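A.B. asks: Next comes query-v1.cif, mmCIF, C-alpha atoms:
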```
data_start
loop_
_atom_site.label_atom_id
_atom_site.label_comp_id
_atom_site.auth_asym_id
_atom_site.auth_seq_id
_atom_site.Cartn_x
_atom_site.Cartn_y
_atom_site.Cartn_z
CA MET J 9 -19.80 9.05 -37.93
CA THR J 10 -16.10 9.85 -38.01
CA ILE J 11 -13.95 7.27 -39.76
CA GLU J 12 -10.65 6.65 -38.02
CA PHE J 13 -7.40 5.62 -39.75
CA ARG J 14 -4.23 4.15 -38.32
CA LEU J 15 -1.08 6.23 -38.79
CA SER J 16 0.45 4.10 -41.57
CA GLU J 17 -2.57 2.01 -42.49
CA LEU J 18 -2.01 2.27 -46.24
CA TRP J 19 1.29 0.36 -45.93
CA GLU J 20 0.12 -2.36 -43.57
CA PRO J 21 0.22 -5.89 -45.06
CA ASP J 22 -3.55 -6.37 -44.84
CA THR J 23 -4.14 -3.08 -46.64
CA ARG J 24 -1.63 -3.91 -49.37
CA ARG J 25 -3.63 -7.08 -50.07
CA ASP J 26 -6.68 -4.91 -50.80
CA PRO J 27 -5.79 -1.20 -51.01
CA HIS J 28 -9.07 -0.42 -52.76
CA ALA J 29 -10.94 -1.05 -49.49
CA PHE J 30 -8.74 1.60 -47.85
CA TYR J 31 -9.42 4.13 -50.62
CA ALA J 32 -13.16 3.44 -50.35
CA ARG J 33 -12.99 4.44 -46.67
CA VAL J 34 -11.05 7.60 -47.59
CA ARG J 35 -13.75 8.56 -50.09
CA VAL J 36 -16.46 8.03 -47.48
CA ALA J 37 -14.50 10.00 -44.86
CA GLY J 38 -14.84 13.07 -47.07
CA ARG J 39 -11.52 14.61 -46.09
CA PRO J 40 -7.81 14.27 -46.87
CA VAL J 41 -6.42 11.45 -44.71
CA PRO J 42 -2.88 11.85 -43.33
CA GLN J 43 -0.64 8.78 -43.60
CA VAL J 44 3.03 8.22 -42.82
CA ASP J 45 4.94 6.25 -45.46
CA PRO J 46 7.74 3.74 -44.71
CA ALA J 47 10.34 6.51 -45.08
CA GLY J 48 8.65 8.55 -42.36
CA ASN J 49 7.08 11.14 -44.66
CA ARG J 50 3.56 12.35 -44.01
CA LEU J 51 1.25 12.69 -46.98
CA TRP J 52 -2.42 13.55 -47.24
CA ILE J 53 -4.38 10.92 -49.18
CA VAL J 54 -7.11 12.10 -51.55
CA ALA J 55 -9.24 9.45 -53.28
CA ARG J 56 -12.48 10.86 -54.71
CA HIS J 57 -12.49 11.30 -58.48
CA ALA J 58 -13.48 14.98 -58.44
CA ASP J 59 -11.01 15.79 -55.67
CA VAL J 60 -8.12 14.02 -57.39
CA LEU J 61 -8.90 15.96 -60.59
CA ASP J 62 -8.91 19.19 -58.57
CA GLY J 63 -5.59 18.29 -57.01
CA LEU J 64 -3.98 17.40 -60.34
CA GLN J 65 -4.67 20.87 -61.68
CA HIS J 66 -4.53 22.92 -58.46
CA PRO J 67 -2.27 25.99 -58.92
CA ALA J 68 -0.90 25.66 -55.38
CA ILE J 69 0.08 21.99 -55.70
CA GLY J 70 3.27 20.99 -57.52
CA HIS J 71 6.68 19.40 -57.27
CA GLU J 72 9.31 22.12 -56.76
CA VAL J 73 8.28 23.13 -53.26
CA ARG J 74 11.62 24.80 -52.47
CA LYS J 75 10.80 27.60 -54.90
CA HIS J 76 7.75 28.52 -52.83
CA GLN J 77 9.13 28.41 -49.32
CA ALA J 78 9.77 31.66 -47.52
CA GLN J 79 13.50 31.05 -47.58
CA ASP J 80 14.96 28.93 -50.36
CA LEU J 81 17.65 27.22 -48.31
CA PRO J 82 20.82 26.06 -50.04
CA LEU J 83 21.30 22.35 -50.58
CA ALA J 84 23.02 20.66 -47.66
CA HIS J 85 25.65 19.19 -49.96
CA GLN J 86 26.86 19.32 -53.50
CA ARG J 87 24.59 17.21 -55.66
CA SER J 88 26.04 14.05 -57.11
CA GLU J 89 25.62 13.26 -60.79
CA ALA J 90 22.75 10.85 -60.06
CA GLU J 91 21.02 13.44 -57.87
CA ARG J 92 21.35 16.09 -60.59
CA ILE J 93 19.78 13.75 -63.13
CA ALA J 94 16.95 12.85 -60.75
CA ALA J 95 16.28 16.54 -60.13
CA ARG J 96 15.69 17.13 -63.87
CA GLN J 97 13.05 14.47 -64.35
CA LEU J 98 10.12 15.95 -66.26
CA ILE J 99 7.55 14.47 -63.89
CA ASP J 100 9.19 16.27 -60.95
CA LEU J 101 9.30 19.73 -62.53
CA ASP J 102 6.85 22.62 -62.61
CA PRO J 103 6.52 25.38 -65.22
CA PRO J 104 8.43 27.01 -66.78
CA ASP J 105 11.02 24.20 -66.96
CA HIS J 106 8.34 21.55 -67.36
CA THR J 107 6.70 23.48 -70.19
CA ARG J 108 10.00 23.93 -72.03
CA LEU J 109 11.16 20.32 -71.72
CA ARG J 110 7.79 18.76 -72.52
CA GLY J 111 7.53 20.94 -75.61
CA LEU J 112 10.88 19.66 -76.88
CA VAL J 113 9.80 16.01 -76.88
CA SER J 114 6.03 16.19 -77.33
CA LYS J 115 6.15 16.03 -81.13
CA ALA J 116 7.54 12.50 -80.88
CA PHE J 117 4.22 11.45 -79.32
CA THR J 118 1.68 13.20 -81.54
CA ALA J 119 -1.17 11.10 -82.92
CA ARG J 120 0.38 11.26 -86.40
CA THR J 121 3.82 10.15 -85.22
CA VAL J 122 2.39 7.33 -83.13
CA ALA J 123 0.17 6.16 -85.99
CA ARG J 124 3.24 5.82 -88.21
CA LEU J 125 4.64 3.30 -85.72
CA GLU J 126 1.61 1.01 -85.89
CA PRO J 127 2.88 -1.35 -88.65
CA TRP J 128 6.22 -1.75 -86.89
CA ILE J 129 4.54 -2.37 -83.50
CA ALA J 130 2.18 -4.89 -85.10
CA ASP J 131 5.13 -6.77 -86.58
CA VAL J 132 6.84 -7.01 -83.18
CA ALA J 133 3.59 -8.18 -81.56
CA ASP J 134 3.03 -10.78 -84.29
CA ARG J 135 6.50 -12.23 -83.77
CA LEU J 136 6.06 -12.41 -80.00
CA VAL J 137 2.68 -14.09 -80.27
CA ALA J 138 4.01 -16.58 -82.84
CA ARG J 139 6.89 -17.43 -80.52
CA ALA J 140 4.48 -17.95 -77.60
CA LEU J 141 2.38 -20.25 -79.76
CA GLU J 142 5.51 -22.21 -80.62
CA LEU J 143 6.59 -22.51 -76.97
CA GLY J 144 3.21 -23.67 -75.71
CA THR J 145 4.14 -22.93 -72.09
CA PHE J 146 5.71 -19.54 -71.45
CA ASP J 147 6.04 -16.52 -69.16
CA GLY J 148 3.54 -13.79 -69.97
CA VAL J 149 5.94 -11.15 -68.65
CA ALA J 150 9.29 -12.15 -70.13
CA ASP J 151 8.00 -13.71 -73.36
CA LEU J 152 5.02 -11.56 -74.26
CA ALA J 153 4.43 -8.31 -72.35
CA ASP J 154 7.95 -7.11 -71.61
CA PRO J 155 9.67 -7.29 -75.03
CA LEU J 156 7.05 -5.21 -76.87
CA PRO J 157 7.37 -1.84 -75.07
CA VAL J 158 11.15 -2.10 -74.58
CA ASN J 159 11.63 -2.53 -78.30
CA VAL J 160 9.13 0.22 -79.16
CA ILE J 161 10.60 2.87 -76.87
CA ALA J 162 14.16 1.87 -77.83
CA GLN J 163 13.23 2.19 -81.50
CA LEU J 164 11.66 5.59 -80.89
CA VAL J 165 14.63 6.92 -78.93
CA GLY J 166 17.22 5.38 -81.24
CA VAL J 167 18.82 2.64 -79.15
CA PRO J 168 20.45 0.02 -81.41
CA GLU J 169 18.96 -3.46 -81.19
CA GLU J 170 22.16 -4.96 -79.79
CA ASP J 171 22.00 -2.60 -76.78
CA ARG J 172 18.35 -3.14 -75.84
CA ALA J 173 18.98 -5.90 -73.31
CA ARG J 174 21.17 -3.51 -71.30
CA PHE J 175 18.54 -0.80 -71.78
CA ARG J 176 15.93 -3.06 -70.19
CA GLU J 177 18.22 -4.13 -67.35
CA TRP J 178 18.94 -0.54 -66.37
CA SER J 179 15.23 0.25 -66.35
CA ALA J 180 14.42 -2.69 -64.07
CA ILE J 181 17.12 -1.71 -61.57
CA ILE J 182 16.32 2.01 -61.51
CA VAL J 183 12.55 1.68 -61.20
CA SER J 184 12.80 -1.04 -58.53
CA ALA J 185 14.72 1.34 -56.25
CA ALA J 186 17.51 -1.24 -56.14
CA ASP J 187 20.00 1.30 -57.52
CA HIS J 188 21.13 2.35 -54.06
CA ASP J 189 24.63 3.27 -55.16
CA SER J 190 23.37 4.87 -58.41
CA ALA J 191 25.50 2.50 -60.45
CA ALA J 192 22.72 1.83 -62.97
CA THR J 193 21.95 5.54 -63.34
CA LEU J 194 25.60 6.38 -63.92
CA ALA J 195 26.08 3.55 -66.40
CA PHE J 196 22.93 4.62 -68.21
CA ALA J 197 24.12 8.25 -68.29
CA ALA J 198 27.49 7.26 -69.72
CA TYR J 199 25.75 5.22 -72.41
CA ILE J 200 23.47 8.15 -73.38
CA ASP J 201 26.52 10.46 -73.51
CA GLU J 202 28.19 8.09 -75.94
CA LEU J 203 25.06 7.52 -78.04
CA ALA J 204 24.33 11.27 -78.22
CA GLU J 205 27.86 11.89 -79.46
CA ARG J 206 27.32 9.33 -82.22
CA ARG J 207 24.06 11.05 -83.22
CA ARG J 208 25.80 14.44 -83.36
CA ALA J 209 28.28 12.96 -85.81
CA VAL J 210 25.78 10.92 -87.82
CA PRO J 211 22.10 11.82 -87.20
CA GLU J 212 19.42 9.17 -87.72
CA ASP J 213 15.63 9.18 -87.84
CA ASP J 214 15.05 8.98 -84.09
CA LEU J 215 14.19 11.14 -81.11
CA LEU J 216 17.74 11.35 -79.75
CA SER J 217 18.98 12.77 -83.07
CA GLU J 218 16.21 15.38 -82.96
CA LEU J 219 17.06 16.38 -79.41
CA VAL J 220 20.80 16.79 -79.99
CA ALA J 221 20.07 18.73 -83.22
CA LEU J 222 18.40 21.38 -81.07
CA GLU J 223 21.81 22.33 -79.71
CA ALA J 224 22.58 24.18 -82.93
CA GLN J 225 19.37 26.17 -82.53
CA GLY J 226 20.17 27.29 -79.00
CA ASP J 227 17.07 25.59 -77.62
CA ALA J 228 18.63 22.41 -76.32
CA LEU J 229 18.37 20.26 -73.24
CA ASP J 230 21.51 20.43 -71.14
CA ARG J 231 23.37 17.20 -70.51
CA ASP J 232 21.55 16.25 -67.28
CA GLU J 233 18.19 17.11 -68.83
CA LEU J 234 18.92 14.93 -71.85
CA VAL J 235 19.87 11.93 -69.71
CA ALA J 236 16.87 12.48 -67.41
CA MET J 237 14.49 12.74 -70.37
CA VAL J 238 15.68 9.53 -72.02
CA GLN J 239 15.64 7.76 -68.64
CA LEU J 240 12.04 8.85 -68.07
CA LEU J 241 10.99 7.73 -71.54
CA LEU J 242 12.74 4.41 -70.97
CA ILE J 243 11.06 3.74 -67.64
CA ALA J 244 7.61 5.22 -68.25
CA GLY J 245 7.48 3.96 -71.82
CA GLN J 246 8.18 0.40 -70.74
CA GLU J 247 6.82 -0.14 -67.26
CA THR J 248 3.40 1.41 -67.88
CA THR J 249 2.66 -0.74 -70.91
CA VAL J 250 4.05 -3.91 -69.31
CA ASP J 251 1.78 -3.31 -66.34
CA VAL J 252 -1.31 -2.86 -68.53
CA LEU J 253 -0.54 -5.95 -70.62
CA VAL J 254 0.23 -8.26 -67.71
CA ASN J 255 -2.70 -7.14 -65.61
CA GLY J 256 -5.03 -7.19 -68.60
CA ILE J 257 -4.09 -10.79 -69.42
CA ARG J 258 -4.48 -11.81 -65.78
CA LEU J 259 -7.86 -10.12 -65.48
CA LEU J 260 -9.16 -11.65 -68.69
CA LEU J 261 -8.07 -15.15 -67.76
CA THR J 262 -9.59 -14.86 -64.28
CA HIS J 263 -12.85 -13.50 -65.74
CA PRO J 264 -13.71 -16.24 -68.26
CA GLU J 265 -16.85 -14.56 -69.57
CA GLN J 266 -14.88 -11.42 -70.43
CA TRP J 267 -12.17 -13.51 -72.09
CA GLN J 268 -14.75 -15.32 -74.21
CA ASP J 269 -16.28 -12.01 -75.26
CA LEU J 270 -12.87 -10.78 -76.47
CA LEU J 271 -12.27 -14.03 -78.34
CA ALA J 272 -15.63 -13.65 -80.07
CA ASP J 273 -14.92 -10.02 -80.94
CA PRO J 274 -11.23 -8.97 -80.98
CA SER J 275 -12.30 -5.40 -81.78
CA LEU J 276 -13.00 -5.19 -78.02
CA ALA J 277 -9.23 -4.92 -77.52
CA SER J 278 -9.45 -1.14 -77.03
CA ALA J 279 -12.15 -1.63 -74.41
CA VAL J 280 -9.93 -4.15 -72.63
CA VAL J 281 -7.16 -1.56 -72.49
CA GLU J 282 -9.39 1.16 -71.03
CA GLU J 283 -11.06 -1.09 -68.45
CA THR J 284 -7.69 -2.51 -67.36
CA LEU J 285 -6.39 1.04 -66.93
CA ARG J 286 -9.45 1.94 -64.85
CA PHE J 287 -9.65 -1.25 -62.81
CA ARG J 288 -5.95 -1.58 -62.02
CA GLY J 289 -3.88 1.16 -63.63
CA PRO J 290 -0.08 1.34 -63.50
CA VAL J 291 0.10 4.23 -60.98
CA GLU J 292 -1.49 3.99 -57.54
CA ILE J 293 -0.55 7.47 -56.29
CA VAL J 294 0.94 10.16 -58.51
CA PRO J 295 4.59 11.08 -57.90
CA PRO J 296 4.96 13.22 -54.74
CA ARG J 297 3.44 16.67 -54.94
CA PHE J 298 3.46 19.41 -52.34
CA THR J 299 1.22 22.24 -51.26
CA PHE J 300 2.84 25.63 -51.86
CA ARG J 301 0.53 27.21 -49.28
CA GLU J 302 -2.29 26.07 -47.01
CA ILE J 303 -5.13 24.87 -49.23
CA ASP J 304 -8.67 23.56 -48.96
CA LEU J 305 -9.08 20.29 -50.86
CA ALA J 306 -11.33 17.24 -50.68
CA GLY J 307 -13.40 18.60 -47.81
CA GLY J 308 -10.49 19.47 -45.56
CA THR J 309 -7.45 21.69 -45.13
CA ILE J 310 -3.91 20.64 -45.99
CA PRO J 311 -1.10 22.71 -44.43
CA ALA J 312 1.55 24.48 -46.50
CA PHE J 313 4.57 22.54 -47.77
CA GLU J 314 3.02 19.11 -47.10
CA ARG J 315 2.95 16.09 -49.41
CA VAL J 316 -0.32 15.36 -51.19
CA GLY J 317 -1.10 11.76 -52.17
CA LEU J 318 -3.49 11.95 -55.12
CA SER J 319 -4.69 8.37 -55.58
CA LEU J 320 -5.50 7.40 -59.15
CA TRP J 321 -6.59 3.98 -57.92
CA GLY J 322 -9.04 5.62 -55.53
CA ALA J 323 -10.40 7.96 -58.20
CA ASN J 324 -10.89 5.16 -60.72
CA ARG J 325 -13.04 3.13 -58.31
CA ASP J 326 -15.25 6.07 -57.27
CA PRO J 327 -18.89 4.87 -57.33
CA SER J 328 -20.11 8.42 -57.98
CA VAL J 329 -18.46 8.15 -61.42
CA PHE J 330 -18.41 4.43 -62.25
CA SER J 331 -21.28 2.02 -61.69
CA ALA J 332 -20.25 -1.19 -59.89
CA PRO J 333 -16.65 0.12 -59.78
CA ASP J 334 -15.16 -3.03 -58.23
CA ALA J 335 -16.30 -5.17 -61.16
CA PHE J 336 -13.99 -5.76 -64.14
CA ASP J 337 -16.23 -5.21 -67.17
CA ILE J 338 -14.86 -4.66 -70.68
CA HIS J 339 -18.34 -3.59 -71.80
CA ARG J 340 -18.38 -0.69 -69.34
CA PRO J 341 -19.64 2.41 -71.22
CA ASP J 342 -17.90 4.93 -68.96
CA ALA J 343 -14.43 3.35 -68.65
CA HIS J 344 -12.96 6.23 -70.67
CA ARG J 345 -13.57 8.52 -67.70
CA HIS J 346 -10.65 6.95 -65.84
CA ILE J 347 -7.63 9.09 -65.07
CA ALA J 348 -5.01 6.32 -65.02
CA PHE J 349 -2.73 8.49 -67.18
CA GLY J 350 -3.18 11.54 -64.96
CA HIS J 351 -4.62 14.89 -65.95
CA GLY J 352 -3.46 18.41 -66.63
CA ILE J 353 0.08 19.43 -67.52
CA HIS J 354 1.49 16.11 -66.29
CA PHE J 355 -0.88 13.95 -68.34
CA CYS J 356 1.19 11.00 -69.55
CA LEU J 357 3.14 12.05 -72.63
CA GLY J 358 3.12 8.53 -74.05
CA ALA J 359 -0.53 7.68 -73.36
CA SER J 360 -1.46 7.30 -77.03
CA LEU J 361 1.60 5.11 -77.68
CA GLY J 362 0.89 2.89 -74.68
CA ARG J 363 -2.74 2.51 -75.70
CA LEU J 364 -1.72 1.55 -79.24
CA GLU J 365 0.80 -1.06 -78.08
CA ALA J 366 -1.67 -2.64 -75.65
CA ARG J 367 -4.55 -2.64 -78.15
CA ILE J 368 -2.45 -4.36 -80.80
CA MET J 369 -1.20 -6.99 -78.37
CA PHE J 370 -4.66 -7.81 -76.96
CA ASP J 371 -6.00 -8.04 -80.51
CA ARG J 372 -3.24 -10.48 -81.53
CA ILE J 373 -3.67 -12.55 -78.37
CA ALA J 374 -7.41 -12.90 -79.02
CA ARG J 375 -6.90 -13.88 -82.65
CA GLU J 376 -3.96 -16.25 -82.26
CA LEU J 377 -3.84 -17.49 -78.65
CA HIS J 378 -7.50 -18.34 -78.19
CA ARG J 379 -6.62 -21.43 -76.11
CA LEU J 380 -4.55 -19.37 -73.66
CA ARG J 381 -4.79 -20.37 -69.99
CA LEU J 382 -3.06 -19.64 -66.71
CA ALA J 383 -0.43 -22.27 -65.94
CA VAL J 384 -0.97 -21.86 -62.17
CA GLU J 385 -3.93 -21.33 -59.89
CA PRO J 386 -5.03 -17.66 -59.70
CA ASP J 387 -4.20 -17.42 -55.99
CA GLU J 388 -0.58 -18.27 -56.75
CA LEU J 389 -0.07 -15.09 -58.74
CA ASP J 390 2.05 -12.27 -57.37
CA GLY J 391 -0.78 -9.93 -56.38
CA PHE J 392 -0.39 -6.25 -57.04
CA ARG J 393 3.07 -6.10 -58.61
CA LEU J 394 2.95 -8.73 -61.30
CA HIS J 395 5.31 -6.92 -63.64
CA TRP J 396 8.17 -7.61 -61.22
CA GLY J 397 7.46 -11.31 -61.23
CA THR J 398 6.15 -13.83 -63.70
CA LEU J 399 2.83 -14.71 -65.26
CA PRO J 400 2.95 -18.45 -66.08
CA LEU J 401 0.81 -19.18 -69.15
CA ARG J 402 0.12 -22.13 -71.37
CA ILE J 403 -1.81 -22.90 -74.52
CA ARG J 404 -3.97 -25.92 -73.85
#
```
Output the file's structure as structure tokens, nothing else.
C.D. replies:
Amino acid sequence: MTIEFRLSELWEPDTRRDPHAFYARVRVAGRPVPQVDPAGNRLWIVARHADVLDGLQHPAIGHEVRKHQAQDLPLAHQRSEAERIAARQLIDLDPPDHTRLRGLVSKAFTARTVARLEPWIADVADRLVARALELGTFDGVADLADPLPVNVIAQLVGVPEEDRARFREWSAIIVSAADHDSAATLAFAAYIDELAERRRAVPEDDLLSELVALEAQGDALDRDELVAMVQLLLIAGQETTVDVLVNGIRLLLTHPEQWQDLLADPSLASAVVEETLRFRGPVEIVPPRFTFREIDLAGGTIPAFERVGLSLWGANRDPSVFSAPDAFDIHRPDAHRHIAFGHGIHFCLGASLGRLEARIMFDRIARELHRLRLAVEPDELDGFRLHWGTLPLRIR
């Protein structure tokens, strides 16, 4: 039986209330499913775990499609500063530029470097949890989940404490697509220019100092690359962890038996992180990728120079990989098989850091906030984008 799909079904209100039902139908269809997004772009949705893995490492799928077209047409207009910065985002580049830029920052995210941050992260988490305990009623986003990653990534990059509120504000505007006039991007770029100049004059023990020091070695990021890299670290380093923390708390408190299991054994914090990533990870579909030629993928053919929508949400609910995939279960033995952080050359650079932050926070919540409850009914919560809203909590 052929499964039919409406042209823009993925973006219909009913589908947004339960997108996993849509991805289940795509998996059963056994072919890439074309959909038209709200901007009028067609993309081919792929949702089976094996097919998404194939797509993430397919040599003819990537970001810089212009390089592979028969005629590399000139840009229709001179790029603005914001457009130049956007064009140098690591997640939108292919080798060799991607390889070069990732190599310059990857040492900041090695297991050894991340492990050295653990005491500092634990101290921040302890202070946030203590403050929540003192408040009694609080917002799980603003008071608990949000401040941890913004302070961690700012500390890593080298943003002074007095500037971190602005740092967070820029991130919220840029990632929400509210920066229509690029004002936040330009203000952020000017700030990084000024901060980089200070680090050239007086280096400190932070990533920005290391990056500007490369200029003397002739292996530096250019100005737009530097701004784009710090912007990516700011956004990805914050939003991903906030998403995991907020959704993990919500899932635990709406699955009382799982919450009680964590309270009884806080060492399950790592399992909570992995199952939250699998069950409702921070990225639904990977950033837009294109076919460089006609390819066969997921049981069908995708034409050349078309967008491919590789669904991490679809892959992580694939019943051929995960038993009872629509159940949230922190005891799941195969949760580690999720691909919430991607796969291949674009595997999330900060995955180990995000995991560490979330594990520490869930551990502290279980040990110190054992009377934690939702302050509203579950159906009042802001569905699939909680990290843009609030998570009302109380300690009863």
A.B. asks: Given the file above and the PyMOL selection byres ((chain J and resi 15) around 12), which residues are selected, and can you give them as a list in words?
C.D. replies: Glu12, Phe13, Arg14, Ser16, Glu17, Leu18, Trp19, Glu20, Val41, Pro42, Gln43, Val44, Asp45, Pro46, Gly48, Asn49, Arg50, Leu51, Trp52 and Ile53 of chain J
A.B. asks: Return the single residue from J:Arg345, J:Phe300, J:Arg87, J:Ala150 that is closest to Ser331 in chain J, with distances computed using all atoms listed in the file.
C.D. replies: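 The closest residue to Ser331 in chain J is J:Arg345.
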A.B. asks: Quick one: everything within 9 Å of Leu241 in chain J, counting all atoms listed in the file, minus sequence neighbours fewer than 3 positions away in the same chain. Send it as a ChimeraX atom specification.
C.D. replies: /J:161,165,236-238,244-246,358
A.B. asks: Please, what distance in Å, to one decimal, runs between CA of Ile129 in chain J and CA of Leu156 in chain J?
C.D. replies: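 About the pair CA of Ile129 in chain J and CA of Leu156 in chain J: they are 7.6 Å apart.
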A.B. asks: Name all residues at most 7 Å from range 309-323 of chain J (count only C-alpha atoms; drop same-chain ones fewer than 5 positions away) and give them as a VMD selection string.
C.D. replies: chain J and resid 28 31 to 32 50 to 57 60 63 73 288 to 289 291 to 294 296 to 304 347 to 348
A.B. asks: Check which residues satisfy the PyMOL selection byres ((chain J and resi 375-389) around 7) in the file shown, then give them as a list of chain:residue names.
C.D. replies: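 Selection result, ordered by chain and number: J:Leu141, J:Leu261, J:Leu271, J:Pro274, J:Asp371, J:Arg372, J:Ile373, J:Ala374, J:Asp390, J:Gly391, J:Pro400, J:Leu401, J:Arg402, J:Ile403, J:Arg404.
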A.B. asks: Taking the file as shown, find all residues satisfying the PyMOL selection byres ((chain J and resi 249) around 12) and write them as an mmCIF file with C-alpha atoms, keeping the file's coordinate frame.
C.D. replies:
```cif
data_model
loop_
_atom_site.group_PDB
_atom_site.id
_atom_site.type_symbol
_atom_site.label_atom_id
_atom_site.label_comp_id
_atom_site.auth_asym_id
_atom_site.auth_seq_id
_atom_site.Cartn_x
_atom_site.Cartn_y
_atom_site.Cartn_z
ATOM 1 C CA VAL J 149 5.940 -11.150 -68.650
ATOM 2 C CA LEU J 152 5.020 -11.560 -74.260
ATOM 3 C CA ALA J 153 4.430 -8.310 -72.350
ATOM 4 C CA ASP J 154 7.950 -7.110 -71.610
ATOM 5 C CA PRO J 155 9.670 -7.290 -75.030
ATOM 6 C CA LEU J 156 7.050 -5.210 -76.870
ATOM 7 C CA PRO J 157 7.370 -1.840 -75.070
ATOM 8 C CA VAL J 158 11.150 -2.100 -74.580
ATOM 9 C CA ASN J 159 11.630 -2.530 -78.300
ATOM 10 C CA VAL J 160 9.130 0.220 -79.160
ATOM 11 C CA ILE J 161 10.600 2.870 -76.870
ATOM 12 C CA LEU J 241 10.990 7.730 -71.540
ATOM 13 C CA LEU J 242 12.740 4.410 -70.970
ATOM 14 C CA ILE J 243 11.060 3.740 -67.640
ATOM 15 C CA ALA J 244 7.610 5.220 -68.250
ATOM 16 C CA GLY J 245 7.480 3.960 -71.820
ATOM 17 C CA GLN J 246 8.180 0.400 -70.740
ATOM 18 C CA GLU J 247 6.820 -0.140 -67.260
ATOM 19 C CA THR J 248 3.400 1.410 -67.880
ATOM 20 C CA VAL J 250 4.050 -3.910 -69.310
ATOM 21 C CA ASP J 251 1.780 -3.310 -66.340
ATOM 22 C CA VAL J 252 -1.310 -2.860 -68.530
ATOM 23 C CA LEU J 253 -0.540 -5.950 -70.620
ATOM 24 C CA VAL J 254 0.230 -8.260 -67.710
ATOM 25 C CA ASN J 255 -2.700 -7.140 -65.610
ATOM 26 C CA GLY J 256 -5.030 -7.190 -68.600
ATOM 27 C CA VAL J 281 -7.160 -1.560 -72.490
ATOM 28 C CA THR J 284 -7.690 -2.510 -67.360
ATOM 29 C CA LEU J 285 -6.390 1.040 -66.930
ATOM 30 C CA GLY J 289 -3.880 1.160 -63.630
ATOM 31 C CA PRO J 290 -0.080 1.340 -63.500
ATOM 32 C CA VAL J 291 0.100 4.230 -60.980
ATOM 33 C CA ALA J 348 -5.010 6.320 -65.020
ATOM 34 C CA PHE J 349 -2.730 8.490 -67.180
ATOM 35 C CA CYS J 356 1.190 11.000 -69.550
ATOM 36 C CA GLY J 358 3.120 8.530 -74.050
ATOM 37 C CA ALA J 359 -0.530 7.680 -73.360
ATOM 38 C CA SER J 360 -1.460 7.300 -77.030
ATOM 39 C CA LEU J 361 1.600 5.110 -77.680
ATOM 40 C CA GLY J 362 0.890 2.890 -74.680
ATOM 41 C CA ARG J 363 -2.740 2.510 -75.700
ATOM 42 C CA LEU J 364 -1.720 1.550 -79.240
ATOM 43 C CA GLU J 365 0.800 -1.060 -78.080
ATOM 44 C CA ALA J 366 -1.670 -2.640 -75.650
ATOM 45 C CA ARG J 367 -4.550 -2.640 -78.150
ATOM 46 C CA ILE J 368 -2.450 -4.360 -80.800
ATOM 47 C CA MET J 369 -1.200 -6.990 -78.370
ATOM 48 C CA PHE J 370 -4.660 -7.810 -76.960
ATOM 49 C CA HIS J 395 5.310 -6.920 -63.640
#
```
A.B. asks: Distance CA of Gln163 in chain J-CA of Leu215 in chain J, one decimal place?
C.D. replies: 9.0 Å
A.B. asks: Between CA of Arg110 in chain J and CA of Phe196 in chain J, what is the distance, to one decimal in Å?
C.D. replies: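 Going from CA of Arg110 in chain J over to CA of Phe196 in chain J covers 21.2 Å.
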A.B. asks: Which polymer residues have any atom within 12 Å of an atom of Ile11 in chain J, counting all atoms listed in the file, with same-chain residues fewer than 4 positions away left out, as JSON, numbers by chain?
C.D. replies: {"J": [30, 32, 33, 34, 35, 36, 37, 38, 39, 40, 41]}
A.B. asks: Which residue out of J:Pro341, J:Pro333, J:Gly148, J:Pro327 has the minimum interatomic distance to Val280 in chain J when only C-alpha atoms are used?
C.D. replies: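 Ranking J:Pro341, J:Pro333, J:Gly148, J:Pro327 by distance to Val280 in chain J, first place goes to J:Pro341.
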A.B. asks: Which residue, J:Val329, J:Arg172, J:Asp147, J:Arg258, has the smallest gap to Gly397 in chain J when you use all atoms listed in the file?
C.D. replies: J:Asp147
A.B. asks: For Val167 in chain J, which residue among J:Leu216, J:Val132, J:Val137, J:Ala180 is the nearest when counting only C-alpha atoms?
C.D. replies: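 Nearest candidate to Val167 in chain J out of J:Leu216, J:Val132, J:Val137, J:Ala180: J:Leu216.
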A.B. asks: Mind listing as a short mmCIF file (atom, residue, chain, number, x, y, z; two decimals) with C-alpha atoms, in the frame of the given file all residues within 9 Å of (-12.8, 4.3, -75.0), counting all atoms listed in the file?
C.D. replies:
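As written to disk, point17.cif reads:
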```cif
data_model
loop_
_atom_site.label_atom_id
_atom_site.label_comp_id
_atom_site.auth_asym_id
_atom_site.auth_seq_id
_atom_site.Cartn_x
_atom_site.Cartn_y
_atom_site.Cartn_z
CA SER J 278 -9.45 -1.14 -77.03
CA ALA J 279 -12.15 -1.63 -74.41
CA VAL J 281 -7.16 -1.56 -72.49
CA GLU J 282 -9.39 1.16 -71.03
CA GLU J 283 -11.06 -1.09 -68.45
CA PRO J 341 -19.64 2.41 -71.22
CA ASP J 342 -17.90 4.93 -68.96
CA ALA J 343 -14.43 3.35 -68.65
CA HIS J 344 -12.96 6.23 -70.67
CA ARG J 345 -13.57 8.52 -67.70
#
```
A.B. asks: Determine, counting all atoms listed in the file, every residue of protein, DNA or RNA that lies within 12 Å of (10.2, 20.0, -63.8) in the file coordinates, then give the result as an MDAnalysis selection string.
C.D. replies: chainID J and resid 70:73 75 93:110 233 236:237 297 353:354
A.B. asks: Find the residues near Asp62 in chain J: any atom within 10 Å, counting only C-alpha atoms, skip ones fewer than 3 places away on the same chain, and give them as a PyMOL selection string.
C.D. replies: chain J and resi 56-59+65-67+69+305-306+318+351-352
A.B. asks: Return the padded bounding box of range 325-337 of chain J as AutoDock Vina command-line options: axis-aligned, built from all atoms listed in the file, 8 Å added on each side, with centre and edge lengths in Å to one decimal.
C.D. replies:
```
--center_x -17.2 --center_y 1.3 --center_z -62.2 --size_x 24.2 --size_y 30.2 --size_z 25.9
```
